[in-house]
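*Asks:* Okay, so here is start-v6.cif, and as you'll see once you scroll down, it has mmCIF, C-alpha atoms.
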```cif
data_model
#
loop_
_atom_site.label_atom_id
_atom_site.label_comp_id
_atom_site.auth_asym_id
_atom_site.auth_seq_id
_atom_site.Cartn_x
_atom_site.Cartn_y
_atom_site.Cartn_z
CA MET A 1 67.69 -23.88 8.79
CA LEU A 2 69.59 -27.12 9.32
CA ARG A 3 72.79 -25.42 8.23
CA ALA A 4 72.02 -22.45 10.45
CA ALA A 5 71.57 -24.90 13.30
CA ARG A 6 75.18 -25.95 12.83
CA GLY A 7 76.45 -22.42 13.11
CA ASP A 8 76.35 -21.43 9.44
CA GLN A 9 75.83 -17.68 9.52
CA GLU A 10 75.44 -17.38 5.79
CA ALA A 11 72.57 -19.87 5.86
CA PHE A 12 71.02 -17.91 8.66
CA GLY A 13 71.34 -14.77 6.54
CA SER A 14 69.32 -16.46 3.79
CA PHE A 15 66.72 -17.44 6.35
CA TYR A 16 66.61 -13.81 7.47
CA ASP A 17 66.01 -12.68 3.90
CA MET A 18 63.23 -15.19 3.53
CA VAL A 19 61.24 -14.35 6.66
CA SER A 20 62.30 -10.91 7.91
CA ALA A 21 59.34 -9.15 6.28
CA GLN A 22 56.93 -11.53 7.96
CA VAL A 23 58.59 -11.17 11.34
CA TYR A 24 58.84 -7.41 11.15
CA GLY A 25 55.32 -7.03 9.77
CA LEU A 26 53.86 -9.10 12.56
CA ALA A 27 55.82 -7.23 15.23
CA ARG A 28 54.75 -3.96 13.70
CA ARG A 29 51.14 -5.03 13.67
CA VAL A 30 51.12 -6.06 17.31
CA VAL A 31 53.40 -3.48 18.95
CA ARG A 32 52.52 -0.68 16.52
CA ASP A 33 55.51 1.55 17.15
CA PRO A 34 58.08 1.07 14.33
CA ALA A 35 61.11 1.53 16.59
CA GLN A 36 59.83 -1.04 19.04
CA ALA A 37 58.90 -3.39 16.22
CA GLU A 38 62.48 -3.16 15.02
CA GLU A 39 63.81 -4.01 18.48
CA VAL A 40 61.44 -6.95 18.74
CA THR A 41 62.49 -8.19 15.29
CA GLN A 42 66.12 -8.08 16.27
CA GLU A 43 65.42 -9.97 19.50
CA VAL A 44 63.45 -12.57 17.58
CA PHE A 45 66.26 -13.30 15.14
CA VAL A 46 68.90 -13.45 17.84
CA GLU A 47 66.72 -15.87 19.77
CA ALA A 48 66.16 -17.93 16.62
CA TRP A 49 69.90 -18.08 16.02
CA ARG A 50 70.61 -19.10 19.57
CA ARG A 51 67.94 -21.75 19.56
CA ALA A 52 68.40 -22.97 15.98
CA PRO A 53 69.99 -26.23 17.20
CA GLU A 54 66.76 -27.01 19.04
CA PHE A 55 64.60 -26.50 15.99
CA ASP A 56 62.61 -29.65 15.24
CA ALA A 57 61.28 -29.88 11.69
CA SER A 58 58.81 -32.58 12.66
CA LEU A 59 56.88 -30.03 14.72
CA GLY A 60 56.40 -27.46 11.98
CA SER A 61 58.09 -25.30 9.39
CA PRO A 62 60.88 -22.83 10.20
CA THR A 63 58.48 -20.03 9.26
CA THR A 64 55.86 -21.17 11.74
CA TRP A 65 58.60 -21.58 14.31
CA ILE A 66 60.00 -18.08 13.99
CA LEU A 67 56.56 -16.49 13.74
CA THR A 68 55.62 -18.23 16.99
CA ILE A 69 58.66 -16.63 18.61
CA ALA A 70 57.84 -13.29 16.99
CA HIS A 71 54.25 -13.29 18.18
CA ARG A 72 55.21 -14.27 21.71
CA ARG A 73 57.81 -11.53 21.94
CA SER A 74 55.49 -8.93 20.45
CA VAL A 75 52.75 -9.85 22.88
CA ASP A 76 55.20 -9.72 25.78
CA ARG A 77 56.12 -6.23 24.66
CA VAL A 78 52.55 -4.90 24.59
CA ARG A 79 51.73 -6.61 27.84
CA SER A 80 54.67 -5.10 29.64
CA GLU A 81 53.35 -3.18 32.55
CA GLU A 82 53.66 0.29 31.20
CA ALA A 83 52.33 -0.51 27.77
CA SER A 84 49.26 -2.24 29.12
CA ARG A 85 48.59 0.57 31.54
CA ARG A 86 48.61 3.05 28.71
CA ARG A 87 46.38 0.81 26.68
CA GLU A 88 43.89 0.42 29.50
CA GLU A 89 43.76 4.15 30.07
CA ARG A 90 43.03 4.70 26.45
CA LEU A 91 40.31 2.10 26.44
CA ALA A 92 38.77 3.51 29.60
CA GLN A 93 38.52 6.88 27.94
CA ASP A 94 37.10 5.56 24.74
CA PRO A 95 36.00 1.95 24.61
CA THR A 96 35.28 2.22 20.92
CA SER A 97 38.96 2.86 20.23
CA ILE A 98 39.65 -0.84 19.82
CA ASP A 99 40.30 -0.66 16.16
CA TYR A 100 40.92 -4.22 15.06
CA ASP A 101 41.90 -3.15 11.60
CA PRO A 102 41.60 -5.83 8.98
CA VAL A 103 44.58 -7.52 7.44
CA GLN A 104 46.17 -5.03 5.10
CA GLU A 105 47.54 -5.85 1.74
CA THR A 106 51.27 -5.62 1.36
CA VAL A 107 53.43 -5.72 -1.69
CA GLU A 108 55.76 -8.55 -0.79
CA LEU A 109 53.24 -10.96 0.49
CA ARG A 110 50.21 -10.03 -1.51
CA LEU A 111 49.27 -13.57 -2.38
CA GLU A 112 49.55 -14.90 1.15
CA SER A 113 47.76 -11.85 2.39
CA GLN A 114 44.89 -12.35 -0.03
CA MET A 115 44.51 -15.99 0.83
CA VAL A 116 44.37 -15.27 4.52
CA ARG A 117 42.01 -12.40 4.01
CA ARG A 118 39.72 -14.59 2.01
CA ALA A 119 39.87 -17.26 4.70
CA LEU A 120 39.15 -14.69 7.42
CA ALA A 121 36.17 -13.49 5.44
CA GLN A 122 34.67 -16.95 5.70
CA LEU A 123 34.54 -16.78 9.47
CA THR A 124 31.58 -15.40 11.29
CA GLU A 125 31.91 -11.76 12.23
CA VAL A 126 32.28 -12.60 15.91
CA GLN A 127 34.92 -15.28 15.29
CA ARG A 128 36.98 -12.91 13.19
CA GLU A 129 36.70 -10.15 15.74
CA ALA A 130 37.87 -12.41 18.60
CA ILE A 131 40.81 -13.80 16.63
CA GLU A 132 41.95 -10.41 15.38
CA LEU A 133 41.81 -8.84 18.82
CA ALA A 134 43.74 -11.73 20.33
CA TYR A 135 46.31 -12.28 17.62
CA TYR A 136 46.92 -8.89 16.07
CA ARG A 137 46.33 -6.79 19.16
CA GLY A 138 47.77 -9.11 21.77
CA PHE A 139 44.78 -9.20 24.10
CA THR A 140 44.23 -12.27 26.25
CA TYR A 141 40.91 -14.01 25.69
CA ARG A 142 39.80 -12.67 29.06
CA GLU A 143 40.53 -9.13 27.92
CA VAL A 144 38.71 -9.80 24.68
CA ALA A 145 35.73 -11.02 26.71
CA THR A 146 35.75 -7.83 28.77
CA LEU A 147 36.14 -5.59 25.73
CA LEU A 148 33.28 -7.25 23.93
CA ASP A 149 31.22 -7.74 27.06
CA THR A 150 30.86 -11.41 26.24
CA PRO A 151 31.36 -14.45 28.51
CA GLU A 152 34.92 -15.80 28.57
CA GLY A 153 33.82 -19.29 27.58
CA THR A 154 32.11 -17.90 24.49
CA ILE A 155 35.26 -16.05 23.42
CA LYS A 156 37.39 -19.15 23.93
CA THR A 157 35.01 -21.14 21.75
CA ARG A 158 34.92 -18.48 19.05
CA ILE A 159 38.71 -18.37 18.92
CA ARG A 160 39.06 -22.12 18.66
CA ASP A 161 36.22 -22.65 16.20
CA GLY A 162 37.48 -19.77 14.08
CA LEU A 163 41.03 -21.11 14.00
CA VAL A 164 39.85 -24.60 13.15
CA ARG A 165 37.88 -23.16 10.28
CA LEU A 166 40.88 -21.15 9.11
CA ARG A 167 43.01 -24.25 9.32
CA ASP A 168 40.54 -26.16 7.17
CA THR A 169 40.31 -23.34 4.65
CA LEU A 170 44.02 -22.64 4.42
CA GLY A 171 45.30 -26.18 4.81
CA VAL A 172 47.70 -27.19 7.51
CA ALA A 173 50.94 -27.00 5.58
CA THR A 174 52.89 -23.75 5.55
CA MET B 1 32.96 -20.95 34.94
CA THR B 2 33.81 -24.47 33.91
CA ALA B 3 36.53 -24.80 31.35
CA ASP B 4 37.30 -28.01 29.59
CA ILE B 5 41.06 -27.83 29.31
CA HIS B 6 40.94 -29.32 25.80
CA SER B 7 39.18 -26.22 24.54
CA LEU B 8 42.15 -23.98 25.32
CA ALA B 9 44.24 -24.92 22.27
CA GLY B 10 42.98 -22.01 20.16
CA ALA B 11 43.62 -19.33 22.73
CA TYR B 12 46.95 -20.98 23.57
CA VAL B 13 48.39 -20.73 20.08
CA LEU B 14 47.34 -17.09 19.91
CA ASN B 15 49.23 -16.48 23.16
CA ALA B 16 45.91 -15.39 24.58
CA LEU B 17 45.96 -17.38 27.81
CA ASP B 18 47.25 -15.76 30.93
CA GLU B 19 50.46 -17.13 32.37
CA GLN B 20 48.92 -19.52 34.85
CA GLU B 21 46.57 -21.10 32.34
CA ALA B 22 49.27 -21.34 29.72
CA VAL B 23 51.48 -23.29 32.10
CA LEU B 24 48.61 -25.59 33.03
CA PHE B 25 47.87 -26.14 29.38
CA GLU B 26 51.49 -26.89 28.54
CA GLU B 27 51.57 -29.53 31.24
CA HIS B 28 48.41 -30.92 29.74
CA ILE B 29 49.65 -31.15 26.15
CA ALA B 30 52.78 -32.92 27.33
CA ALA B 31 50.41 -35.75 28.24
CA CYS B 32 47.55 -35.37 25.74
CA SER B 33 48.51 -36.27 22.18
CA VAL B 34 45.19 -35.06 20.77
CA CYS B 35 45.75 -31.55 22.10
CA ALA B 36 49.42 -31.65 21.12
CA GLN B 37 48.45 -32.40 17.53
CA GLU B 38 45.81 -29.69 17.53
CA VAL B 39 48.34 -27.20 18.84
CA ARG B 40 50.79 -28.09 16.08
CA GLU B 41 48.14 -27.56 13.43
CA LEU B 42 46.63 -24.41 14.87
CA ARG B 43 50.06 -22.96 15.45
CA ALA B 44 50.74 -23.32 11.74
CA THR B 45 47.43 -21.59 11.09
CA ALA B 46 48.34 -18.77 13.44
CA GLY B 47 51.62 -18.51 11.56
CA ARG B 48 49.63 -17.88 8.40
CA LEU B 49 47.88 -14.98 10.12
CA GLY B 50 51.31 -13.65 10.98
CA ALA B 51 52.73 -14.16 7.53
CA ALA B 52 49.83 -12.28 5.99
CA VAL B 53 50.79 -8.95 7.52
CA GLY B 54 54.38 -8.87 6.33
CA GLU B 55 56.08 -5.64 5.45
CA PRO B 56 59.70 -5.10 4.55
CA ALA B 57 61.97 -4.66 7.55
CA PRO B 58 64.20 -1.58 7.61
CA THR B 59 67.26 -2.38 5.54
CA GLU B 60 69.78 -1.56 8.25
CA LEU B 61 68.25 -4.21 10.50
CA ARG B 62 69.92 -7.07 8.65
CA GLY B 63 73.36 -5.76 9.49
CA LYS B 64 72.45 -5.35 13.15
CA VAL B 65 71.07 -8.86 13.38
CA MET B 66 74.03 -10.44 11.60
CA GLY B 67 76.43 -8.47 13.77
CA GLN B 68 74.71 -9.62 16.91
CA ILE B 69 74.53 -13.30 16.01
CA ASP B 70 78.23 -13.20 15.29
CA ARG B 71 78.66 -12.46 18.99
CA THR B 72 75.96 -14.87 20.18
CA ARG B 73 76.62 -18.48 21.03
CA GLN B 74 74.12 -21.09 19.97
CA ALA B 75 72.34 -23.25 22.48
CA VAL B 76 73.51 -26.80 22.99
CA PRO B 77 70.92 -29.03 21.33
CA SER B 78 68.53 -30.45 23.87
CA GLU B 79 68.14 -34.19 24.26
CA PRO B 80 66.15 -35.68 21.40
CA GLY B 81 62.64 -36.95 21.88
CA ARG B 82 61.73 -34.32 24.39
CA SER B 83 60.14 -31.56 22.41
CA ARG B 84 58.61 -28.60 24.10
CA PRO B 85 56.69 -25.54 23.17
CA PRO B 86 59.34 -22.92 22.63
CA SER B 87 59.17 -19.56 24.23
CA ARG B 88 57.51 -20.00 27.56
CA TRP B 89 59.76 -22.86 28.51
CA ARG B 90 62.71 -20.82 27.51
CA ARG B 91 61.59 -18.06 29.77
CA LEU B 92 61.18 -20.43 32.66
CA SER B 93 64.49 -22.08 31.77
CA LEU B 94 63.94 -24.98 34.10
CA PRO B 95 66.09 -28.04 34.22
CA VAL B 96 64.23 -31.04 32.87
CA ALA B 97 64.42 -32.71 36.27
CA ALA B 98 62.35 -29.90 37.69
CA ALA B 99 59.69 -30.14 34.99
CA LEU B 100 56.97 -31.28 37.33
CA ALA B 101 58.01 -28.93 40.03
CA GLY B 102 57.99 -26.25 37.32
CA LEU B 103 54.30 -25.91 37.72
CA ALA B 104 54.62 -25.32 41.41
CA LEU B 105 57.39 -22.90 40.70
CA VAL B 106 55.28 -20.85 38.38
CA LEU B 107 52.40 -20.96 40.73
CA GLY B 108 54.59 -19.29 43.25
CA PHE B 109 56.79 -21.60 45.18
CA GLY B 110 59.63 -19.42 44.06
CA LEU B 111 62.88 -20.21 42.35
CA GLY B 112 65.00 -19.95 45.45
CA ARG B 113 62.85 -22.27 47.40
CA LEU B 114 62.80 -24.80 44.62
CA ALA B 115 66.53 -24.69 44.11
CA GLY B 116 67.19 -25.37 47.77
CA SER B 117 64.41 -27.84 48.37
CA GLY B 118 64.70 -31.58 48.71
CA PRO B 119 61.69 -33.77 47.96
CA ALA B 120 59.03 -32.38 45.68
CA ASP B 121 56.06 -30.76 47.34
CA PRO B 122 53.25 -33.37 47.46
CA ASN B 123 50.69 -30.74 46.51
CA ALA B 124 52.71 -29.87 43.41
CA ALA B 125 52.95 -33.54 42.54
CA ALA B 126 49.18 -33.90 43.01
CA LEU B 127 48.63 -30.91 40.76
CA ALA B 128 50.89 -32.36 38.08
CA ALA B 129 49.00 -35.67 38.22
CA VAL B 130 45.64 -33.98 37.88
CA ILE B 131 46.76 -31.84 34.99
CA ALA B 132 48.14 -34.80 33.09
CA ALA B 133 44.81 -36.63 33.31
CA PRO B 134 42.69 -37.07 30.19
CA ASP B 135 39.65 -35.57 31.88
CA THR B 136 41.19 -32.54 33.58
CA VAL B 137 38.76 -29.75 34.36
CA LEU B 138 39.81 -26.27 35.40
CA ILE B 139 37.30 -24.16 37.32
CA GLU B 140 37.75 -20.49 37.95
CA LEU B 141 36.54 -19.71 41.43
CA ALA B 142 34.61 -16.55 42.21
CA GLY B 143 35.81 -14.29 45.01
CA PRO B 144 37.11 -10.82 45.80
CA PRO B 145 38.74 -9.07 42.83
CA GLU B 146 42.27 -9.32 44.24
CA VAL B 147 42.01 -13.10 44.53
CA ARG B 148 42.73 -15.36 41.60
CA ALA B 149 41.76 -18.90 42.40
CA SER B 150 41.26 -22.04 40.35
CA PHE B 151 40.30 -25.56 41.22
CA VAL B 152 41.75 -28.20 38.92
CA TYR B 153 40.37 -31.69 39.19
CA SER B 154 40.07 -35.03 37.50
CA ASP B 155 37.45 -37.62 38.32
CA GLU B 156 39.64 -40.29 36.79
CA VAL B 157 42.55 -39.50 39.10
CA GLY B 158 40.03 -38.85 41.87
CA SER B 159 41.82 -35.76 43.03
CA GLY B 160 41.47 -31.99 42.95
CA VAL B 161 43.86 -29.15 43.74
CA LEU B 162 43.19 -25.58 44.73
CA VAL B 163 45.55 -22.95 43.36
CA ALA B 164 44.98 -19.50 44.78
CA GLU B 165 46.89 -16.27 44.76
CA GLY B 166 46.10 -12.96 46.37
CA LEU B 167 44.42 -14.35 49.47
CA GLU B 168 45.66 -12.27 52.38
CA ALA B 169 47.47 -14.25 55.05
CA ALA B 170 44.97 -15.44 57.66
CA PRO B 171 45.00 -13.27 60.80
CA ALA B 172 46.49 -14.66 64.03
CA GLY B 173 44.36 -17.43 65.52
CA ARG B 174 42.53 -18.03 62.25
CA THR B 175 43.03 -20.30 59.26
CA TYR B 176 41.56 -20.72 55.82
CA GLU B 177 39.56 -23.86 55.33
CA LEU B 178 38.77 -25.52 52.02
CA TRP B 179 35.42 -27.27 51.67
CA LEU B 180 34.19 -29.88 49.25
CA ILE B 181 30.46 -29.42 49.01
CA THR B 182 28.45 -32.55 48.30
CA ALA B 183 24.76 -33.40 48.44
CA ASP B 184 25.28 -33.91 52.18
CA GLY B 185 26.68 -30.41 52.69
CA PRO B 186 30.20 -29.04 53.10
CA ALA B 187 32.98 -31.41 54.16
CA PRO B 188 36.34 -30.12 55.44
CA ALA B 189 39.01 -30.57 52.74
CA GLY B 190 42.08 -28.93 54.21
CA LEU B 191 43.49 -25.96 56.10
CA PHE B 192 45.95 -23.41 54.79
CA PRO B 193 47.41 -20.12 55.93
CA GLY B 194 46.85 -18.06 52.78
CA GLY B 195 49.47 -15.48 51.94
CA GLU B 196 50.81 -14.96 48.49
CA LEU B 197 50.21 -18.33 46.94
CA THR B 198 48.52 -21.54 47.84
CA THR B 199 48.57 -24.91 46.15
CA ILE B 200 46.69 -27.49 48.17
CA GLN B 201 45.23 -30.85 47.29
CA ALA B 202 41.65 -31.21 48.47
CA ASP B 203 41.40 -33.87 51.13
CA GLY B 204 38.22 -35.76 50.23
CA ASP B 205 36.32 -37.30 47.34
CA VAL B 206 36.12 -34.80 44.51
CA THR B 207 34.12 -37.20 42.36
CA ILE B 208 31.01 -36.67 44.48
CA ALA B 209 31.55 -32.96 45.19
CA ASN B 210 29.50 -30.46 43.25
CA ALA B 211 31.16 -27.30 44.53
CA VAL B 212 34.18 -26.03 46.45
CA GLY B 213 34.43 -23.12 48.84
CA ILE B 214 36.87 -21.35 51.14
CA THR B 215 36.04 -19.78 54.50
CA LEU B 216 38.05 -18.27 57.33
CA GLU B 217 37.81 -20.40 60.47
CA PRO B 218 39.26 -20.46 63.99
CA GLU B 219 42.69 -22.06 64.27
CA GLY B 220 42.52 -25.83 63.90
CA GLY B 221 39.60 -25.58 61.50
CA SER B 222 35.90 -26.31 61.92
CA PRO B 223 33.87 -29.42 61.14
CA ALA B 224 31.33 -27.23 59.33
CA PRO B 225 31.81 -23.70 58.00
CA THR B 226 31.25 -20.88 60.46
CA GLY B 227 32.67 -18.02 58.44
CA GLU B 228 31.22 -16.56 55.27
CA ILE B 229 32.20 -18.15 51.97
CA LEU B 230 35.01 -16.01 50.56
CA VAL B 231 35.77 -17.90 47.38
CA SER B 232 33.71 -20.59 45.69
CA GLY B 233 32.88 -22.34 42.47
CA GLU B 234 30.68 -25.10 41.13
CA LEU B 235 32.28 -28.27 39.82
#
```
Take the structure in the file and write it out as structure tokens.

*Replies:*
Amino acid sequence: MLRAARGDQEAFGSFYDMVSAQVYGLARRVVRDPAQAEEVTQEVFVEAWRRAPEFDASLGSPTTWILTIAHRRSVDRVRSEEASRRREERLAQDPTSIDYDPVQETVELRLESQMVRRALAQLTEVQREAIELAYYRGFTYREVATLLDTPEGTIKTRIRDGLVRLRDTLGVAT
Amino acid sequence: MTADIHSLAGAYVLNALDEQEAVLFEEHIAACSVCAQEVRELRATAGRLGAAVGEPAPTELRGKVMGQIDRTRQAVPSEPGRSRPPSRWRRLSLPVAAALAGLALVLGFGLGRLAGSGPADPNAAALAAVIAAPDTVLIELAGPPEVRASFVYSDEVGSGVLVAEGLEAAPAGRTYELWLITADGPAPAGLFPGGELTTIQADGDVTIANAVGITLEPEGGSPAPTGEILVSGEL
């Protein structure tokens, strides 16, 4: 990453090889549509390249950094006006259609996936539900509160308590 | 609903705050090292959630990305020591000098107005001071569905600021009036015209207030509310 920050494209290519599956997988999970996930992934890497000189290792790992960008961009995509309108219409028709599917196993990242799944399983049902709706589906905590017909403050607490518990289970380092 | 701003870290790292709250929270973590640390840790945790759903990207994507970065210039490194949360700041792309005014900008003062303006808006400065306080509290105010209003206050700073959007401009000859409600009843806390966005520091002692409200009053304001309470919240 430090070499990429100085304009080394080859180093950036190695970084791509290391994290592209994670970035694409996350985009795919949040935006759903493969073509859009591909667009988002491309945007994410171009942004990472452009901003590589700003990367500050003291604030977290390069993986955390790019996944933060990836999640933000994916969420922006699903919250774009048209997408959210379609989503709301669907929910209005069938409120039970919020399928917050559990973390799926993948070949490349089976170990990581298993660890996270195990950590998620240690949360309470309601904590897991709130975190999965927010993170994997891109709902704001207010939307989660509406969907689950639960006070906003309660959802906020579930999200934070759940994440703190995940942090303690998984360890902080990435 | 009363929201302790410190409790927002979880929803923040999941990008699950709405824009206004996220900006408030970012201002807060710039000043609160406890929250900043929590954000760093929880962000890494959120990254693990992201990493767990990996799946191979389409093979042709690598070529596209490498082709595009070949044509993309890298950013000039920012000054050291001033670290910021990444994406939202990027989207705002504010000069550092406008960082405080950035809040006001986002809350609707508008880029053009900011660019051409001279001294910072005192209400925006008051808002920035309140948000940076260690005991900041953000209250969502209740009102008509088209109105989004919050009252942000700090007993330590001794100041509170109303931020409202969606309040229709007051009709001719009328004005909105903000009230700080104490044990002695409502006290006038400022007049404002409404319209798209309002940021106004409450004129009065927020430390003894237990609620805030907004009414529509005759021009010049009233010493005690005469109109019905349109928007309100308990502190």

*Asks:* Work out how far CA of Val65 in chain B is from CA of Val44 in chain A, in Å to one decimal.

*Replies:*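 For CA of Val44 in chain A relative to CA of Val65 in chain B, the distance reads 9.5 Å.
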
*Asks:* Just want the 9 Å neighbourhood of range 135-148 of chain A, counted on all atoms listed in the file, with same-chain residues fewer than 5 positions away dropped. Output as a ChimeraX atom specification.

*Replies:* /A:26,29-31,71,74-76,78-79,91,95,98,100-101,130,153-156,159 /B:11,14-18,46,49-50

*Asks:* With a distance threshold of 6 Å and counting all atoms listed in the file, extract the residues of chain B near chain A and express them as a PyMOL selection string.

*Replies:* chain B and resi 10+14+16-17+41+44-45+47+50-57+65+69+74-75+77

*Asks:* How many Å lie between CA of Arg32 in chain A and CA of Leu61 in chain B, rounded to one decimal?

*Replies:*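 If I compute the distance from CA of Arg32 in chain A to CA of Leu61 in chain B, I get 17.2 Å.
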
*Asks:* Using all atoms listed in the file, determine which residues lie at most 10 Å from Ala209 in chain B, disregarding the query and same-chain residues fewer than 2 positions distant; provide the list as a PDB file with C-alpha atoms, in the frame of the given file.

*Replies:*
```
ATOM      1  CA  TRP B 179      35.420 -27.270  51.670  1.00  0.00           C
ATOM      2  CA  LEU B 180      34.190 -29.880  49.250  1.00  0.00           C
ATOM      3  CA  ILE B 181      30.460 -29.420  49.010  1.00  0.00           C
ATOM      4  CA  THR B 182      28.450 -32.550  48.300  1.00  0.00           C
ATOM      5  CA  ALA B 183      24.760 -33.400  48.440  1.00  0.00           C
ATOM      6  CA  ASP B 184      25.280 -33.910  52.180  1.00  0.00           C
ATOM      7  CA  GLY B 185      26.680 -30.410  52.690  1.00  0.00           C
ATOM      8  CA  PRO B 186      30.200 -29.040  53.100  1.00  0.00           C
ATOM      9  CA  ALA B 187      32.980 -31.410  54.160  1.00  0.00           C
ATOM     10  CA  GLY B 204      38.220 -35.760  50.230  1.00  0.00           C
ATOM     11  CA  ASP B 205      36.320 -37.300  47.340  1.00  0.00           C
ATOM     12  CA  VAL B 206      36.120 -34.800  44.510  1.00  0.00           C
ATOM     13  CA  THR B 207      34.120 -37.200  42.360  1.00  0.00           C
ATOM     14  CA  ALA B 211      31.160 -27.300  44.530  1.00  0.00           C
ATOM     15  CA  VAL B 212      34.180 -26.030  46.450  1.00  0.00           C
ATOM     16  CA  GLU B 234      30.680 -25.100  41.130  1.00  0.00           C
ATOM     17  CA  LEU B 235      32.280 -28.270  39.820  1.00  0.00           C
TER      18      LEU B 235
END
```

*Asks:* CA of Ala149 in chain B and CA of Leu127 in chain B are how many Å apart?

*Replies:* 13.9 Å

*Asks:* Need to verify the contact set: range 131-144 of chain B, 9 Å, only C-alpha atoms, exclusion of same-chain residues closer than 4 positions in sequence. Can you return it as a ChimeraX atom specification?

*Replies:* /B:1-6,24-25,27-32,126-127,148-157,167,212-213,229-235

*Asks:* Box time for range 50-68 of chain B: axis-aligned, enclosing all its listed atoms, 8 Å extra on each side; report centre and edge lengths in Å to one decimal, as AutoDock Vina command-line options.

*Replies:*
```
--center_x 63.1 --center_y -7.9 --center_z 10.7 --size_x 42.6 --size_y 28.6 --size_z 28.4
```
